[in-house]
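Novice: This is work-v3.csv, which holds CSV, C-alpha atoms:
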chain,number,residue,atom,x,y,z
A,1,MET,CA,17.5,4.4,-22.2
A,2,GLY,CA,20.6,2.2,-22.3
A,3,THR,CA,21.1,-1.3,-23.4
A,4,SER,CA,21.4,-4.5,-21.3
A,5,GLU,CA,24.4,-6.8,-21.3
A,6,ASP,CA,23.1,-8.9,-24.2
A,7,GLY,CA,22.7,-5.8,-26.3
A,8,ALA,CA,18.9,-5.6,-26.2
A,9,PRO,CA,17.4,-2.2,-25.3
A,10,ALA,CA,16.9,-2.0,-21.6
A,11,ARG,CA,13.3,-1.4,-20.4
A,12,ALA,CA,12.5,1.8,-18.6
A,13,TRP,CA,12.3,1.5,-14.8
A,14,HIS,CA,8.6,2.3,-14.8
A,15,ALA,CA,7.9,-0.4,-17.4
A,16,VAL,CA,9.7,-2.9,-15.2
A,17,VAL,CA,7.8,-1.9,-12.1
A,18,ALA,CA,4.4,-2.1,-13.9
A,19,ALA,CA,5.1,-5.5,-15.4
A,20,THR,CA,6.5,-7.0,-12.2
A,21,LEU,CA,3.5,-5.8,-10.2
A,22,LYS,CA,1.1,-7.3,-12.7
A,23,ASN,CA,3.1,-10.6,-12.8
A,24,ASN,CA,2.4,-10.8,-9.1
A,25,ASP,CA,-1.3,-10.1,-9.5
A,26,VAL,CA,-1.0,-6.6,-8.0
A,27,ARG,CA,-3.6,-4.9,-10.1
A,28,LEU,CA,-5.3,-2.3,-7.9
A,29,ILE,CA,-3.2,0.8,-7.5
A,30,ALA,CA,-4.1,3.8,-5.4
A,31,TYR,CA,-1.8,6.8,-5.5
A,32,VAL,CA,-1.2,10.4,-4.6
A,33,PRO,CA,0.8,11.9,-7.4
A,34,ASP,CA,4.5,12.7,-7.7
A,35,ARG,CA,6.4,14.3,-10.6
A,36,VAL,CA,8.9,11.5,-10.6
A,37,LEU,CA,6.2,8.7,-10.6
A,38,THR,CA,4.4,10.3,-13.5
A,39,PRO,CA,5.6,7.9,-16.2
A,40,LEU,CA,4.7,4.9,-14.0
A,41,ILE,CA,1.3,6.3,-13.2
A,42,ALA,CA,0.7,7.0,-16.9
A,43,CYS,CA,1.8,3.5,-17.9
A,44,LEU,CA,-0.6,1.9,-15.4
A,45,HIS,CA,-3.5,4.2,-16.4
A,46,ALA,CA,-3.0,3.0,-20.0
A,47,ASP,CA,-3.3,-0.7,-18.9
A,48,ALA,CA,-6.8,-2.1,-19.1
A,49,ASP,CA,-5.9,-4.9,-16.7
A,50,VAL,CA,-5.1,-2.5,-13.9
A,51,THR,CA,-7.5,-0.5,-11.8
A,52,ILE,CA,-5.7,2.7,-10.8
A,53,PHE,CA,-7.0,5.9,-9.2
A,54,PRO,CA,-5.8,8.8,-7.1
A,55,THR,CA,-7.0,9.4,-3.6
A,56,ALA,CA,-7.2,12.6,-1.6
A,57,ARG,CA,-4.7,11.4,0.9
A,58,GLU,CA,-2.2,8.6,1.3
A,59,GLU,CA,-3.9,7.4,4.5
A,60,GLU,CA,-7.1,6.9,2.7
A,61,ALA,CA,-5.3,4.8,0.0
A,62,ALA,CA,-3.8,2.6,2.8
A,63,GLY,CA,-7.3,2.0,4.1
A,64,ILE,CA,-8.7,1.2,0.7
A,65,LEU,CA,-5.9,-1.3,0.0
A,66,ALA,CA,-6.3,-2.9,3.4
A,67,GLY,CA,-10.0,-3.4,2.6
A,68,ALA,CA,-9.2,-4.7,-0.8
A,69,TRP,CA,-6.6,-7.2,0.6
A,70,MET,CA,-9.2,-8.5,3.1
A,71,GLY,CA,-11.6,-8.8,0.2
A,72,GLY,CA,-9.1,-10.9,-1.8
A,73,ARG,CA,-7.5,-8.4,-4.1
A,74,ARG,CA,-3.8,-7.3,-4.1
A,75,GLY,CA,-2.9,-3.7,-4.5
A,76,ALA,CA,-0.1,-1.2,-4.1
A,77,LEU,CA,0.2,2.4,-2.8
A,78,MET,CA,2.3,4.9,-4.8
A,79,MET,CA,3.4,8.2,-3.2
A,80,GLN,CA,6.3,10.5,-2.6
A,81,THR,CA,8.3,10.9,0.6
A,82,SER,CA,6.2,13.6,2.0
A,83,GLY,CA,3.1,11.5,1.5
A,84,PHE,CA,4.7,8.6,3.4
A,85,ALA,CA,5.2,11.0,6.3
A,86,THR,CA,1.5,11.2,6.8
A,87,LEU,CA,1.2,7.4,7.4
A,88,ALA,CA,2.7,6.6,10.8
A,89,ASN,CA,-0.7,6.2,12.5
A,90,VAL,CA,-2.4,4.0,9.9
A,91,LEU,CA,0.7,1.8,9.7
A,92,ALA,CA,0.9,1.4,13.5
A,93,SER,CA,-2.8,1.0,14.1
A,94,LEU,CA,-4.1,-0.8,11.1
A,95,ILE,CA,-1.6,-2.2,8.6
A,96,VAL,CA,1.0,-3.7,11.0
A,97,PRO,CA,-1.3,-5.1,13.8
A,98,CYS,CA,-3.8,-6.5,11.3
A,99,GLN,CA,-1.0,-8.1,9.3
A,100,ILE,CA,-1.9,-6.5,6.0
A,101,PRO,CA,0.8,-7.0,3.2
A,102,LEU,CA,0.6,-3.4,2.0
A,103,ILE,CA,2.9,-2.8,-0.9
A,104,MET,CA,4.3,0.8,-0.8
A,105,LEU,CA,6.2,2.3,-3.7
A,106,ILE,CA,7.8,5.6,-2.5
A,107,SER,CA,9.4,8.0,-4.8
A,108,GLU,CA,12.4,9.2,-2.7
A,109,ARG,CA,12.3,12.9,-2.7
A,110,GLY,CA,14.4,15.4,-0.8
A,111,VAL,CA,17.8,13.8,-1.6
A,112,LEU,CA,20.5,13.9,-4.2
A,113,GLY,CA,20.0,17.4,-5.5
A,114,GLU,CA,16.5,18.1,-4.4
A,115,PHE,CA,16.0,21.9,-4.2
A,116,ASN,CA,13.0,22.1,-1.8
A,117,ILE,CA,14.1,22.3,1.8
A,118,GLY,CA,10.7,21.0,3.0
A,119,GLN,CA,11.3,17.9,0.9
A,120,ALA,CA,14.9,17.6,2.2
A,121,LEU,CA,13.7,17.7,5.9
A,122,VAL,CA,10.8,15.4,5.6
A,123,ALA,CA,13.0,12.9,3.8
A,124,ARG,CA,14.9,12.4,7.1
A,125,THR,CA,11.8,10.9,8.7
A,126,LEU,CA,11.3,8.2,6.1
A,127,ARG,CA,13.7,5.4,7.2
A,128,PRO,CA,13.4,6.1,10.9
A,129,VAL,CA,9.6,5.7,10.8
A,130,LEU,CA,9.9,2.5,8.8
A,131,ASP,CA,12.6,1.2,11.2
A,132,ALA,CA,10.6,2.2,14.3
A,133,LEU,CA,7.7,0.0,13.0
A,134,ALA,CA,10.1,-2.8,11.9
A,135,ILE,CA,8.7,-2.6,8.3
A,136,THR,CA,10.9,-4.1,5.7
A,137,HIS,CA,12.2,-1.6,3.2
A,138,HIS,CA,14.6,-1.6,0.3
A,139,THR,CA,16.1,1.3,-1.5
A,140,ILE,CA,16.3,0.6,-5.2
A,141,THR,CA,19.1,2.4,-7.1
A,142,ARG,CA,19.8,0.1,-10.1
A,143,LEU,CA,17.7,-0.9,-13.0
A,144,ASP,CA,19.3,-4.4,-13.2
A,145,GLU,CA,18.2,-5.1,-9.6
A,146,LEU,CA,14.8,-3.6,-9.9
A,147,GLU,CA,12.7,-6.6,-11.1
A,148,PHE,CA,14.3,-8.9,-8.6
A,149,ILE,CA,13.7,-6.6,-5.6
A,150,VAL,CA,10.1,-5.8,-6.6
A,151,ASP,CA,9.2,-9.4,-7.4
A,152,ARG,CA,10.7,-10.9,-4.2
A,153,SER,CA,9.4,-8.1,-2.0
A,154,VAL,CA,5.8,-8.6,-3.2
A,155,ARG,CA,6.1,-12.3,-2.7
A,156,GLN,CA,7.6,-12.0,0.8
A,157,ALA,CA,5.0,-9.4,1.9
A,158,VAL,CA,2.2,-11.7,0.9
A,159,ALA,CA,3.8,-14.9,2.3
A,160,THR,CA,4.6,-13.2,5.6
A,161,GLN,CA,1.5,-11.0,5.8
A,162,ALA,CA,3.6,-7.9,6.4
A,163,PRO,CA,3.9,-4.6,4.7
A,164,VAL,CA,6.9,-3.6,2.6
A,165,ALA,CA,8.3,-0.2,1.4
A,166,LEU,CA,10.2,0.1,-1.8
A,167,LEU,CA,12.1,3.4,-2.0
A,168,LEU,CA,12.7,4.4,-5.6
A,169,SER,CA,16.0,6.4,-5.5
A,170,PRO,CA,16.8,9.2,-7.8
A,171,LEU,CA,19.7,6.9,-8.9
A,172,LEU,CA,17.0,4.8,-10.5
A,173,THR,CA,14.4,7.3,-11.5
A,174,GLY,CA,16.5,10.4,-12.2
A,175,GLY,CA,14.7,12.2,-9.4
A,176,LYS,CA,13.7,15.9,-9.6
A,177,THR,CA,16.1,18.8,-9.8
A,178,LEU,CA,15.6,22.5,-10.3
A,179,ALA,CA,16.1,22.1,-14.0
A,180,SER,CA,13.3,19.5,-14.3
B,1,MET,CA,-36.3,4.8,-4.8
B,2,PRO,CA,-36.7,8.5,-5.1
B,3,HIS,CA,-34.7,10.6,-2.8
B,4,GLY,CA,-36.7,13.8,-3.2
B,5,ASP,CA,-38.6,13.4,0.0
B,6,ASN,CA,-35.6,13.3,2.3
B,7,ALA,CA,-35.8,14.6,5.9
B,8,ALA,CA,-33.9,17.8,6.5
B,9,LEU,CA,-31.2,17.8,9.2
B,10,GLY,CA,-33.4,19.8,11.5
B,11,ASN,CA,-36.4,17.4,11.2
B,12,ALA,CA,-34.4,14.2,11.7
B,13,LYS,CA,-35.2,12.3,14.9
B,14,VAL,CA,-32.4,11.7,17.4
B,15,MET,CA,-32.0,7.9,17.6
B,16,ASN,CA,-30.0,5.5,19.6
B,17,ARG,CA,-26.9,4.1,18.0
B,18,PHE,CA,-27.2,0.5,19.3
B,19,GLU,CA,-30.9,0.3,18.4
B,20,LEU,CA,-30.2,1.7,15.0
B,21,THR,CA,-27.2,-0.6,14.4
B,22,ARG,CA,-29.4,-3.6,15.4
B,23,ARG,CA,-32.1,-2.5,12.9
B,24,ILE,CA,-29.5,-2.0,10.1
B,25,LEU,CA,-28.1,-5.5,10.7
B,26,ALA,CA,-31.6,-7.0,10.6
B,27,GLN,CA,-31.9,-5.7,7.0
B,28,LEU,CA,-28.7,-7.5,5.8
B,29,GLU,CA,-29.7,-10.9,4.5
B,30,ARG,CA,-27.0,-11.6,1.9
B,31,GLU,CA,-23.8,-11.7,3.9
B,32,GLU,CA,-23.1,-8.1,3.3
B,33,ALA,CA,-19.9,-6.8,4.8
B,34,VAL,CA,-20.0,-4.3,7.5
B,35,VAL,CA,-17.0,-2.1,8.4
B,36,ALA,CA,-17.3,0.0,11.6
B,37,GLY,CA,-15.1,2.9,12.5
B,38,ILE,CA,-13.1,3.6,15.6
B,39,GLY,CA,-14.8,3.7,19.0
B,40,ASN,CA,-18.5,3.5,19.8
B,41,THR,CA,-19.5,2.8,16.2
B,42,ASN,CA,-17.8,-0.5,16.3
B,43,PHE,CA,-18.5,-1.2,20.0
B,44,ASP,CA,-22.2,-1.1,19.3
B,45,LEU,CA,-21.7,-3.3,16.2
B,46,TRP,CA,-19.9,-5.8,18.4
B,47,ALA,CA,-22.7,-5.5,21.0
B,48,CYS,CA,-25.1,-6.7,18.3
B,49,GLY,CA,-23.5,-10.1,18.4
B,50,PRO,CA,-21.0,-12.2,16.4
B,51,ARG,CA,-21.1,-11.9,12.6
B,52,ALA,CA,-18.4,-13.2,10.4
B,53,GLN,CA,-18.7,-10.4,7.8
B,54,ASN,CA,-18.1,-7.6,10.4
B,55,PHE,CA,-14.8,-5.7,10.5
B,56,TYR,CA,-14.1,-3.7,13.7
B,57,MET,CA,-11.5,-0.9,13.3
B,58,LEU,CA,-9.4,-0.4,16.4
B,59,GLY,CA,-7.3,2.5,15.3
B,60,SER,CA,-6.7,4.5,12.1
B,61,MET,CA,-9.5,7.0,12.9
B,62,GLY,CA,-11.4,8.0,9.8
B,63,LEU,CA,-10.7,5.0,7.7
B,64,ALA,CA,-14.0,3.0,7.9
B,65,VAL,CA,-15.2,4.4,4.6
B,66,PRO,CA,-11.9,3.8,2.8
B,67,ILE,CA,-11.7,0.2,4.1
B,68,ALA,CA,-15.3,-0.4,3.1
B,69,LEU,CA,-14.5,1.0,-0.3
B,70,GLY,CA,-11.6,-1.4,-0.7
B,71,VAL,CA,-13.8,-4.4,0.2
B,72,ALA,CA,-16.4,-3.1,-2.3
B,73,LEU,CA,-13.8,-2.9,-5.1
B,74,ALA,CA,-12.4,-6.3,-4.3
B,75,GLN,CA,-15.9,-8.0,-4.1
B,76,PRO,CA,-18.2,-6.2,-6.5
B,77,ARG,CA,-21.0,-8.7,-6.0
B,78,ARG,CA,-21.1,-8.2,-2.2
B,79,HIS,CA,-22.7,-5.1,-0.7
B,80,VAL,CA,-20.5,-3.3,1.8
B,81,VAL,CA,-21.8,-1.0,4.6
B,82,ALA,CA,-19.6,1.4,6.4
B,83,LEU,CA,-20.7,2.6,9.8
B,84,GLU,CA,-18.8,5.8,10.7
B,85,GLY,CA,-19.0,8.5,13.3
B,86,ASP,CA,-19.2,12.2,12.5
B,87,GLY,CA,-15.8,13.1,14.1
B,88,SER,CA,-14.2,10.3,12.3
B,89,LEU,CA,-15.6,11.3,8.9
B,90,LEU,CA,-14.3,14.8,9.5
B,91,MET,CA,-10.8,13.4,9.6
B,92,GLN,CA,-11.2,12.0,6.1
B,93,LEU,CA,-13.8,14.0,4.2
B,94,GLY,CA,-11.8,13.6,1.0
B,95,CYS,CA,-12.8,9.9,0.9
B,96,LEU,CA,-16.3,11.1,-0.1
B,97,THR,CA,-15.0,12.5,-3.3
B,98,THR,CA,-13.1,9.3,-4.0
B,99,VAL,CA,-16.3,7.2,-3.4
B,100,ALA,CA,-18.2,9.6,-5.7
B,101,THR,CA,-15.5,9.4,-8.4
B,102,LEU,CA,-15.2,5.6,-8.3
B,103,GLY,CA,-19.0,5.2,-7.9
B,104,PRO,CA,-19.2,1.6,-6.5
B,105,ALA,CA,-22.8,0.5,-6.7
B,106,ASN,CA,-22.2,-1.9,-3.8
B,107,LEU,CA,-21.2,0.6,-1.1
B,108,THR,CA,-23.4,2.3,1.5
B,109,ILE,CA,-22.1,4.8,4.1
B,110,VAL,CA,-24.1,5.2,7.3
B,111,LEU,CA,-23.0,8.2,9.3
B,112,MET,CA,-23.8,8.2,13.0
B,113,ASP,CA,-23.9,11.9,13.9
B,114,ASN,CA,-24.1,13.0,17.6
B,115,GLY,CA,-21.9,16.1,17.2
B,116,ILE,CA,-19.4,15.0,19.8
B,117,TYR,CA,-16.2,13.1,20.2
B,118,GLN,CA,-18.0,10.8,22.7
B,119,ILE,CA,-15.2,8.4,23.5
B,120,THR,CA,-12.7,11.1,24.5
B,121,GLY,CA,-15.0,12.9,26.8
B,122,SER,CA,-17.8,14.3,24.7
B,123,GLN,CA,-16.1,17.3,23.4
B,124,PRO,CA,-17.9,19.0,20.5
B,125,THR,CA,-16.8,18.4,16.9
B,126,PRO,CA,-15.8,21.5,14.9
B,127,ALA,CA,-18.9,21.0,12.7
B,128,ALA,CA,-21.6,22.7,14.7
B,129,SER,CA,-23.3,24.2,11.6
B,130,ALA,CA,-22.3,21.5,9.1
B,131,ASP,CA,-24.9,19.3,7.2
B,132,PHE,CA,-23.1,16.0,6.4
B,133,VAL,CA,-25.7,15.1,3.8
B,134,ALA,CA,-25.1,18.3,2.0
B,135,LEU,CA,-21.3,17.6,2.2
B,136,ALA,CA,-21.8,14.1,0.7
B,137,ARG,CA,-23.9,15.5,-2.1
B,138,ALA,CA,-21.5,18.3,-2.8
B,139,ALA,CA,-18.7,15.6,-3.0
B,140,GLY,CA,-20.7,14.0,-5.7
B,141,ILE,CA,-22.7,11.3,-3.9
B,142,ALA,CA,-26.2,12.0,-5.3
B,143,ARG,CA,-28.0,9.3,-3.2
B,144,ALA,CA,-27.5,11.1,0.2
B,145,SER,CA,-30.2,11.5,2.8
B,146,TRP,CA,-30.9,12.2,6.4
B,147,ALA,CA,-32.9,9.4,8.0
B,148,ALA,CA,-36.0,10.9,9.5
B,149,ASP,CA,-36.4,8.1,12.0
B,150,GLU,CA,-35.6,4.4,12.4
B,151,GLY,CA,-38.2,3.3,9.8
B,152,ASP,CA,-36.9,5.8,7.3
B,153,CYS,CA,-33.4,4.6,7.9
B,154,GLU,CA,-34.5,1.1,7.1
B,155,ARG,CA,-36.3,2.3,3.9
B,156,LEU,CA,-33.2,4.2,2.8
B,157,LEU,CA,-31.0,1.2,3.5
B,158,ARG,CA,-33.2,-1.1,1.4
B,159,ALA,CA,-32.9,1.4,-1.4
B,160,ALA,CA,-29.2,1.7,-0.9
B,161,LEU,CA,-28.7,-2.1,-1.1
B,162,ALA,CA,-30.4,-2.1,-4.5
B,163,GLY,CA,-27.7,0.2,-5.9
B,164,GLY,CA,-25.4,2.9,-4.8
B,165,PRO,CA,-23.1,4.4,-3.7
B,166,SER,CA,-25.4,5.9,-1.0
B,167,PHE,CA,-24.9,8.0,2.1
B,168,ILE,CA,-27.4,7.8,4.9
B,169,ALA,CA,-26.9,10.1,7.9
B,170,ALA,CA,-28.6,9.5,11.3
B,171,ARG,CA,-28.7,11.8,14.2
B,172,ILE,CA,-27.9,9.8,17.3
B,173,ASP,CA,-28.0,10.4,21.0
B,174,THR,CA,-25.1,10.5,23.5
B,175,GLN,CA,-25.8,7.1,25.1
B,176,PRO,CA,-22.6,5.1,25.6
B,177,ALA,CA,-22.0,1.9,23.6
B,178,VAL,CA,-23.5,-1.2,25.0
B,179,ALA,CA,-20.3,-3.3,25.0
B,180,THR,CA,-16.6,-3.0,24.2
B,181,THR,CA,-15.0,-4.8,21.2
B,182,GLU,CA,-12.4,-7.5,21.7
B,183,ARG,CA,-9.0,-5.9,20.9
B,184,ASP,CA,-7.3,-8.6,18.8
B,185,PRO,CA,-6.6,-7.0,15.4
B,186,ALA,CA,-5.1,-10.1,13.7
B,187,ARG,CA,-8.0,-12.3,14.8
B,188,ILE,CA,-10.6,-9.7,13.7
B,189,ARG,CA,-8.9,-9.5,10.3
B,190,GLU,CA,-8.7,-13.3,9.9
B,191,ARG,CA,-12.3,-13.8,10.9
B,192,PHE,CA,-13.4,-11.1,8.5
B,193,MET,CA,-11.5,-12.7,5.6
B,194,ARG,CA,-13.1,-16.1,6.3
B,195,GLY,CA,-16.4,-14.4,6.5
B,196,LEU,CA,-15.8,-12.9,3.1
B,197,GLY,CA,-14.9,-16.3,1.6
B,198,VAL,CA,-11.3,-15.2,0.9
B,199,ARG,CA,-9.9,-17.8,3.3
B,200,THR,CA,-11.3,-21.2,4.4
Would you mind giving the structure from this file in structure tokens?

Specialist:
Amino acid sequence: MGTSEDGAPARAWHAVVAATLKNNDVRLIAYVPDRVLTPLIACLHADADVTIFPTAREEEAAGILAGAWMGGRRGALMMQTSGFATLANVLASLIVPCQIPLIMLISERGVLGEFNIGQALVARTLRPVLDALAITHHTITRLDELEFIVDRSVRQAVATQAPVALLLSPLLTGGKTLAS
Amino acid sequence: MPHGDNAALGNAKVMNRFELTRRILAQLEREEAVVAGIGNTNFDLWACGPRAQNFYMLGSMGLAVPIALGVALAQPRRHVVALEGDGSLLMQLGCLTTVATLGPANLTIVLMDNGIYQITGSQPTPAASADFVALARAAGIARASWAADEGDCERLLRAALAGGPSFIAARIDTQPAVATTERDPARIRERFMRGLGVRT
């Protein structure tokens, strides 16, 4: 962990994400695990104000969060790149046409040193699928931009009743390499 | 309500989906939410007439139970009923374990099982020797039963509304749905949110 410009210790990326989601009343988290997301998931599991649980499949989580939104509760879906690749149908047939502001946090795998060719190939589908459905997405690479992007993206998703995808780059999270 | 006297799959009467849906709705007196899956399940719900607490899924096959679970988590004081087809549930069997793990007392799953993908041309599902109630129990949903007939389904639903999560399976015939749902997703979503009191 480094220090910020004023000399105070910088918060870890996962602490910033968790706090920013909570500040925006995003307190229902469904996820399919990812090694890189582990500290974020652990941090949210430790928070009594947050309901967080794993699902068997990302598509299932998207359905749960759509239902929760319609019932008046904000949530977010956390997953890795390969998990996002299972979502094209639910995004195209439920989330986008029903105007559900689904908040997606995607650990960007398969890039910048990833050793698994399966991850590297599926990573190429991530942005094309988001672009094909005209879903707003941001790739977050810097800790000093993290809170701003997460905060504004949640607000815009809710205000415009549209989903958003936040791609957490290895430049932010450290990613996963052979050594880790 | 004890569940020890459940009908076995082989003894369950083959019922009509529209008639059973009508009877289920007649049991709902507290503005319970109803989420119906893709195809005939929601067509027959639509055919039962307008109701502000109904959500009609137009795509995303297999997600009626997850959507209902989400509503149940968001509104723990409102009971939520998922109406799902057998082919649809097969696409998302994992949701049964999620329901069992989270254990929402206000969720009931009603499975309409006719063994076919009726809307695509009545091809058989790859579940010829499966028992969906046994699957639900094995997933951890203890309150899981086959409805012996319409009256038994009503009895099981009354018990389910008192506390769940519950899983009720009904064998249904191959009659087509009585009507076709209006295909306007944004309108369906908005009406549902108003029906749930989320918007005014």

Novice: How many Å lie between atom CA of Ala139 of chain B and atom CA of Ala159 of chain B, rounded to one decimal?

Specialist: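 Here the two named atoms are 20.1 Å from each other.
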
Novice: Determine which residues of chain A sit within 10 Å of chain B, taking into account all atoms listed in the file, and present them as a VMD selection string.

Specialist: chain A and resid 28 51 53 to 57 59 to 75 87 to 100

Novice: If we count all atoms listed in the file and set the cut-off at 8 Å, which residues sit around Ala18 of chain A, ignoring sequence neighbours fewer than 5 positions away in its own chain? Please answer as a PyMOL selection string.

Specialist: chain A and resi 40+43-44

Novice: If we count all atoms listed in the file and set the cut-off at 8 Å, which residues sit around segment 123-134 of chain B, ignoring sequence neighbours fewer than 4 positions away in its own chain? Please answer as an NGL selection string.

Specialist: :B and (9 or 86-87 or 115-118 or 138 or 144-146 or 167-169)

Novice: Just how far from atom CA of Val14 of chain B is atom CA of Gly85 of chain B, in Å to one decimal?

Specialist: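 Distance reported for this atom pair: 14.4 Å.
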
Novice: Can I get segment 53-64 of chain A with N, CA and C atoms filled in, as a PDB file, keeping the file's coordinate frame?

Specialist:
ATOM      1  N   PHE A  53      -6.289   4.609  -9.471  1.00  0.00           N
ATOM      2  CA  PHE A  53      -7.000   5.900  -9.200  1.00  0.00           C
ATOM      3  C   PHE A  53      -6.254   6.664  -8.135  1.00  0.00           C
ATOM      4  N   PRO A  54      -6.427   7.995  -8.179  1.00  0.00           N
ATOM      5  CA  PRO A  54      -5.800   8.800  -7.100  1.00  0.00           C
ATOM      6  C   PRO A  54      -6.757   8.895  -5.916  1.00  0.00           C
ATOM      7  N   THR A  55      -6.176   9.139  -4.766  1.00  0.00           N
ATOM      8  CA  THR A  55      -7.000   9.400  -3.600  1.00  0.00           C
ATOM      9  C   THR A  55      -6.605  10.788  -3.048  1.00  0.00           C
ATOM     10  N   ALA A  56      -7.448  11.281  -2.133  1.00  0.00           N
ATOM     11  CA  ALA A  56      -7.200  12.600  -1.600  1.00  0.00           C
ATOM     12  C   ALA A  56      -6.028  12.673  -0.669  1.00  0.00           C
ATOM     13  N   ARG A  57      -5.721  11.514  -0.089  1.00  0.00           N
ATOM     14  CA  ARG A  57      -4.700  11.400   0.900  1.00  0.00           C
ATOM     15  C   ARG A  57      -4.118  10.020   0.978  1.00  0.00           C
ATOM     16  N   GLU A  58      -2.852   9.913   1.331  1.00  0.00           N
ATOM     17  CA  GLU A  58      -2.200   8.600   1.300  1.00  0.00           C
ATOM     18  C   GLU A  58      -2.836   7.648   2.348  1.00  0.00           C
ATOM     19  N   GLU A  59      -3.241   8.192   3.488  1.00  0.00           N
ATOM     20  CA  GLU A  59      -3.900   7.400   4.500  1.00  0.00           C
ATOM     21  C   GLU A  59      -5.133   6.711   4.034  1.00  0.00           C
ATOM     22  N   GLU A  60      -5.874   7.470   3.269  1.00  0.00           N
ATOM     23  CA  GLU A  60      -7.100   6.900   2.700  1.00  0.00           C
ATOM     24  C   GLU A  60      -6.767   5.758   1.742  1.00  0.00           C
ATOM     25  N   ALA A  61      -5.723   5.916   0.953  1.00  0.00           N
ATOM     26  CA  ALA A  61      -5.300   4.800   0.000  1.00  0.00           C
ATOM     27  C   ALA A  61      -4.906   3.593   0.834  1.00  0.00           C
ATOM     28  N   ALA A  62      -4.223   3.783   1.958  1.00  0.00           N
ATOM     29  CA  ALA A  62      -3.800   2.600   2.800  1.00  0.00           C
ATOM     30  C   ALA A  62      -5.073   1.895   3.287  1.00  0.00           C
ATOM     31  N   GLY A  63      -6.094   2.641   3.671  1.00  0.00           N
ATOM     32  CA  GLY A  63      -7.300   2.000   4.100  1.00  0.00           C
ATOM     33  C   GLY A  63      -8.011   1.255   2.984  1.00  0.00           C
ATOM     34  N   ILE A  64      -8.079   1.857   1.818  1.00  0.00           N
ATOM     35  CA  ILE A  64      -8.700   1.200   0.700  1.00  0.00           C
ATOM     36  C   ILE A  64      -7.982  -0.108   0.342  1.00  0.00           C
TER      37      ILE A  64
END
